[in-house]
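Below: the structure, in structure tokens.
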Amino acid sequence: MSTGYNFAYLDEQTKRMLRRAILKAVAIPGYQVPFGSREMPLPYGWGTGGIQVTAAVIGADDRLKVIDQGADDTTNAVSIRRFFARTAGVATTEKTREATVIQTRHRIPETPLSEGQIMVYQVPIPEPLRWLEPRETETRKMHALADYGAMHVKLYEDIARFGHIATTYDYPVLVGGRYLMRPSPIPKFDNPKMDNSPALQLFGAGREKRIYAVPPYTSVKSLDFEDHPFEVQRWDQACALCGSTESFLDEVVTDDQGGRMYVCSDSDYCGERRQEQGQ
Amino acid sequence: MYVAVKGGEKAIDNAHALLAEDRRGDETIPELTLTQIDQQLGLAVDRVMTEGSVYDRELAALALKQAQGDAVEAIFLLRAYRTTLPRFGASQPVDTGAMAIRRRISAAFKDLPGGQVLGPTYDYTHRLLDFALAAEGAPRASVESAEAGLEPAPRVTDVLHHQGLIEPSGNGADLPGDLTRQPLNFPAGRDLRLQNLARGDEGFLLALAYSSQRGYGNTHPFAGEIRMGEVAVELVPEELGFAIDIGTITVTECQMINQFKGSKDIPPQFTRGYGLTFGQGERKAMAMALVDRSLRAEDLGEQATNPAQDQEFVLYHSDNVEASGFVQHLKLPHYVDFQSELEMIRRLRRENAEAAQ
């Protein structure tokens with residue numbers, strides 16, 4: 001563990017400021033709380049929001065798991081896990097079941113979460129209405145008035161043009177029946193896992209200086225229409241390594257002749273299944 | 001069996017080792033010292049201090065050395081260090097009117113108290129590569145500088161202000177906000193806007209300022225005054241209750257004078273645009289002053305329809321540490337999202353083909 005820095009890098013006053021923002025976020029599910037985001041020693045866009053949230057909630061007896069694209073061994077996940085191992089000296093794990101805090105980019109683990117666990121999402125753009133309205137002053141007003149018609153129109157236009165809602169990740173959700181929220185760029189495959197989850201879900205956007213949250217057992221509904229209900233991706237193939245037909249699959253190109261195989265994006269889930277099959 | 005390679009700890013360690021090797025270069029060539037960088041690449045040090053928001057030549061030189069001369073990377077290094085520093089107070093506003101002047105020019109008046117002092121500038125150099133510089137150890141030309149800065153040099157804007165021809169500036173009585181501690185809210189006050197611009201990317205501000213001169217928001221500017229030199233920094237410690245001098249810093253200040261037709265309540269007068277950088281940063285200070293004035297459009301009841309006048313556009317995109325991080329985060333893996341898009345596009349193509357039959 002490196003010396004010269006406070007536990008988990010940030011000073012206690014900064015953590016206090018973060019915790020206040022987190023408490024407010026938990027009290028108003030789905031609402032984006034502005035906070036005094038600090039400049040971290042890792043680049044913006046690479047998880048500074050998630051890192052600050054993790055630093056604010058992690059304690060010496062926590063066990064941290066960090067994933068990127070569902071895998072523990074992707075370079076940025078390795079880098080963030082090392083950052084906390086170095087600055088907080090906390091135990092780390094690759095097992096979803098054993099982790100008390102899971103920081104993630106782009107996925108929710110396949111293994112169901114349980115009470116007491118905290119999911120920390122890295123968020124690039126927190127505002128679900130941003131690509132419909134670039135101005136923060138306007139989007140804040142739209143949230144205040146729960147004026148989400150524009151988003152429904154966008155989804156409807158997809159249906160009119162393609163026959164489907166063409167949004168495949170970062171699919172907008174309504175939290176607690178009130179706030180429209182970006183689930184961060186997870187595939188819509190993962191959206192149902194957020195609904196009524198027993199785990200606390202925290203979202204940190206460092207560059208954009210926003211924190212938001214979904215408390216345990218809160219409804220998270222993916223937007224849809226009665227005649228076009230929300231649906232998730234399915235694959236015709238099973239995972240080539242563990243044979244799962246339930247998980248999100250990454251496509252791996254094996255040659256330039258169109259050869260490809262599909263494997264679980266969640267490396268811990270896949271490994272656990274293979275271990276069980278081996279026994 | 002193919003196993004997906006997703007990187008890992010060893011790759012990162014090796015990448016860092018390669019970087020260290022690249023940074024040092026050929027070991028038969030003497031290593032750069034921080035003093036060399038400070039003394040001979042001073043303008044790079046100034047830029048890193050300004051946009052890194054820390055006045056420390058040695059740290060800025062170290063950042064430049066560590067970043068192999070990449071200014072934006074060096075600024076990032078200095079910023080990340082800055083966050084860990086304790087804040088024990090705020091200085092009094094520096095009095096640039098009392099500056100020990102090394103350079104001072106006004107494009108608005110031919111002569112003025114304190115005079116025009118050209119100082120060290122590239123302005124009138126012919127940009128011819130000086131091959132004599134390539135030969136090391138050439139003797140240095142010595143200069144006899146005029147006794148600049150002995151005569152008091154009041155700020156041009158103060159001269160105009162005495163005659164009521166220019167709007168008053170703020171009195172600096174309120175403690176300014178700090179956007180590195182509090183998130184920016186809109187509309188942002190001028191204190192926060194100026195802080196944002198002072199930290200903002202020189203290239204971005206330069207382009208915006210340029211756009212405002214080319215018709216995307218006409219501000220009719222005159223370079224009222226540009227001055228560079230040393231100013232004292234004063235702090236009032238709580239236990240003393242009066243200001244003490246804690247050091248001297250070099251700054252470049254630019255005050256732009258802009259037209260304003262006046263309104264029903266305000267008679268016609270000139271308005272201000274303000275720029276300030278650490279060290280010698282004239283290009284940045286001038287660009288900042290133009291953009292500051294552009295951003296005041298709404299305050300002054302002007303139509304704000306151009307990019308340089310748009311607070312959210314300018315202030316949200318000026319920071320090169322933020323911009324560089326987010327642009328470059330596209331290097332991180334996105335295979336999950338890409339897979340989702342692939343699945344969708346294949347489905348749409350399949351349906352298209354079926355419909356065509």
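By order in the structure tokens, chains are A, B, ...; within a chain, residues start at 1; ligands start at 1, following the order shown.
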- Residues of chain B no more than 8 Å from chain A, counting only C-alpha atoms: send them over as an MDAnalysis selection string. chainID B and resid 2 4 6:9 12 77 79:81 83:84 179:183 186 312 321:329 332:337 339:341 343:344 348
- Message: Considering only strand (DSSP E) as DSSP defines it on the backbone, what residues of range 140-335 of chain B qualify? List them as a PyMOL selection string.
- Response: chain B and resi 221-235+244-258+271-278
- Can you work out the spacing between CA of Pro172 in chain A and CA of Ile22 in chain A in Å, to one decimal?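 If I compute the distance from CA of Pro172 in chain A to CA of Ile22 in chain A, I get 21.1 Å.
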- Message: Going by DSSP on the backbone, which residues of range 77-273 of chain A come out as helix (DSSP H, G or I)? List them as a count of residues only.
- Response: 48
- Task: Would you mind telling me which residue in B:Arg155, B:Gln92, B:Asn196, B:Gln116 lies nearest to Ala243 in chain B when using only C-alpha atoms?
- Result: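 That would be B:Gln92, the residue with the smallest distance to Ala243 in chain B.
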- Query: Counting only C-alpha atoms, what is within 9 Å of Thr139 in chain A, bar same-chain residues fewer than 5 positions away, as a PyMOL selection string?
  - Reply: chain A and resi 127-130+133-134+144
- Task: Excluding Glu272 in chain A and residues on its chain fewer than 4 positions from it, collect all residues at most 9 Å away from it, counting only C-alpha atoms, and give them as a list in words.
- Result: Lys95, Cys242, Ser267, Asp268, Glu276 and Gln277 of chain A
- To one decimal in Å, tell me the separation between CA of Gly259 in chain A and CA of Glu351 in chain B. 23.1 Å
- Task: Excluding Leu78 in chain B and residues on its chain fewer than 3 positions from it, collect all residues at most 8 Å away from it, counting only C-alpha atoms, and give them as a ChimeraX atom specification.
- Result: /B:48-49,52-54,59-60,63,74-75,81-82
- One-decimal distance in Å that lies between CA of Tyr122 in chain B and CA of Val251 in chain B: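 Separating CA of Val251 in chain B from CA of Tyr122 in chain B is a distance of 17.2 Å.
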- Message: What's around Glu298 in chain B at 10 Å? Count only C-alpha atoms, leave out sequence neighbours fewer than 6 positions away in its own chain, and write the answer as a PyMOL selection string.
- Response: chain B and resi 187+304-305+309-311
Keeping only all heavy atoms, write those residues as a tab-separated table (two decimals), in the first residue's frame.
```tsv
chain	number	residue	atom	x	y	z
B	187	PRO	N	-27.04	29.95	-15.12
B	187	PRO	CA	-25.93	30.73	-15.65
B	187	PRO	C	-24.81	30.87	-14.63
B	187	PRO	O	-25.07	31.06	-13.45
B	187	PRO	CB	-26.57	32.08	-15.96
B	187	PRO	CG	-27.77	32.16	-15.09
B	187	PRO	CD	-28.26	30.76	-14.91
B	304	ALA	N	-27.22	36.47	-27.85
B	304	ALA	CA	-26.14	35.50	-27.74
B	304	ALA	C	-26.46	34.30	-28.62
B	304	ALA	O	-27.13	33.37	-28.21
B	304	ALA	CB	-25.96	35.07	-26.30
B	305	THR	N	-26.02	34.36	-29.87
B	305	THR	CA	-26.39	33.31	-30.81
B	305	THR	C	-25.19	32.55	-31.35
B	305	THR	O	-25.35	31.60	-32.10
B	305	THR	CB	-27.16	33.91	-32.01
B	305	THR	OG1	-26.41	35.03	-32.48
B	305	THR	CG2	-28.54	34.39	-31.60
B	309	GLN	N	-20.36	32.95	-27.52
B	309	GLN	CA	-21.20	33.66	-26.56
B	309	GLN	C	-22.02	32.68	-25.71
B	309	GLN	O	-22.77	33.10	-24.83
B	309	GLN	CB	-22.17	34.58	-27.31
B	309	GLN	CG	-21.47	35.64	-28.13
B	309	GLN	CD	-22.42	36.31	-29.11
B	309	GLN	OE1	-23.26	35.66	-29.73
B	309	GLN	NE2	-22.28	37.62	-29.26
B	310	ASP	N	-21.90	31.40	-26.01
B	310	ASP	CA	-22.76	30.39	-25.39
B	310	ASP	C	-22.06	29.79	-24.17
B	310	ASP	O	-21.12	29.01	-24.30
B	310	ASP	CB	-23.05	29.32	-26.45
B	310	ASP	CG	-24.05	28.29	-25.97
B	310	ASP	OD1	-24.04	27.96	-24.76
B	310	ASP	OD2	-24.83	27.82	-26.80
B	311	GLN	N	-22.51	30.18	-22.99
B	311	GLN	CA	-21.87	29.73	-21.74
B	311	GLN	C	-21.69	28.21	-21.67
B	311	GLN	O	-20.61	27.72	-21.39
B	311	GLN	CB	-22.73	30.14	-20.55
B	311	GLN	CG	-22.58	31.56	-20.14
B	311	GLN	CD	-23.05	31.75	-18.71
B	311	GLN	OE1	-23.19	30.80	-17.94
B	311	GLN	NE2	-23.28	33.00	-18.35
```
- Query: If we count only C-alpha atoms, what is near Thr33 in chain B at a cut-off of 10 Å, once residues fewer than 4 positions away on the same chain are taken out, given as a list in words?
  - Reply: Ile37, Asp38, Gln39, Ala61, Leu62 and Lys65 of chain B
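With only C-alpha atoms as the atoms that count, the minimum distance from Val159 in chain B to the choices B:Ser91, B:Asp26, B:Ala11, B:Pro113 is reached by B:Pro113.
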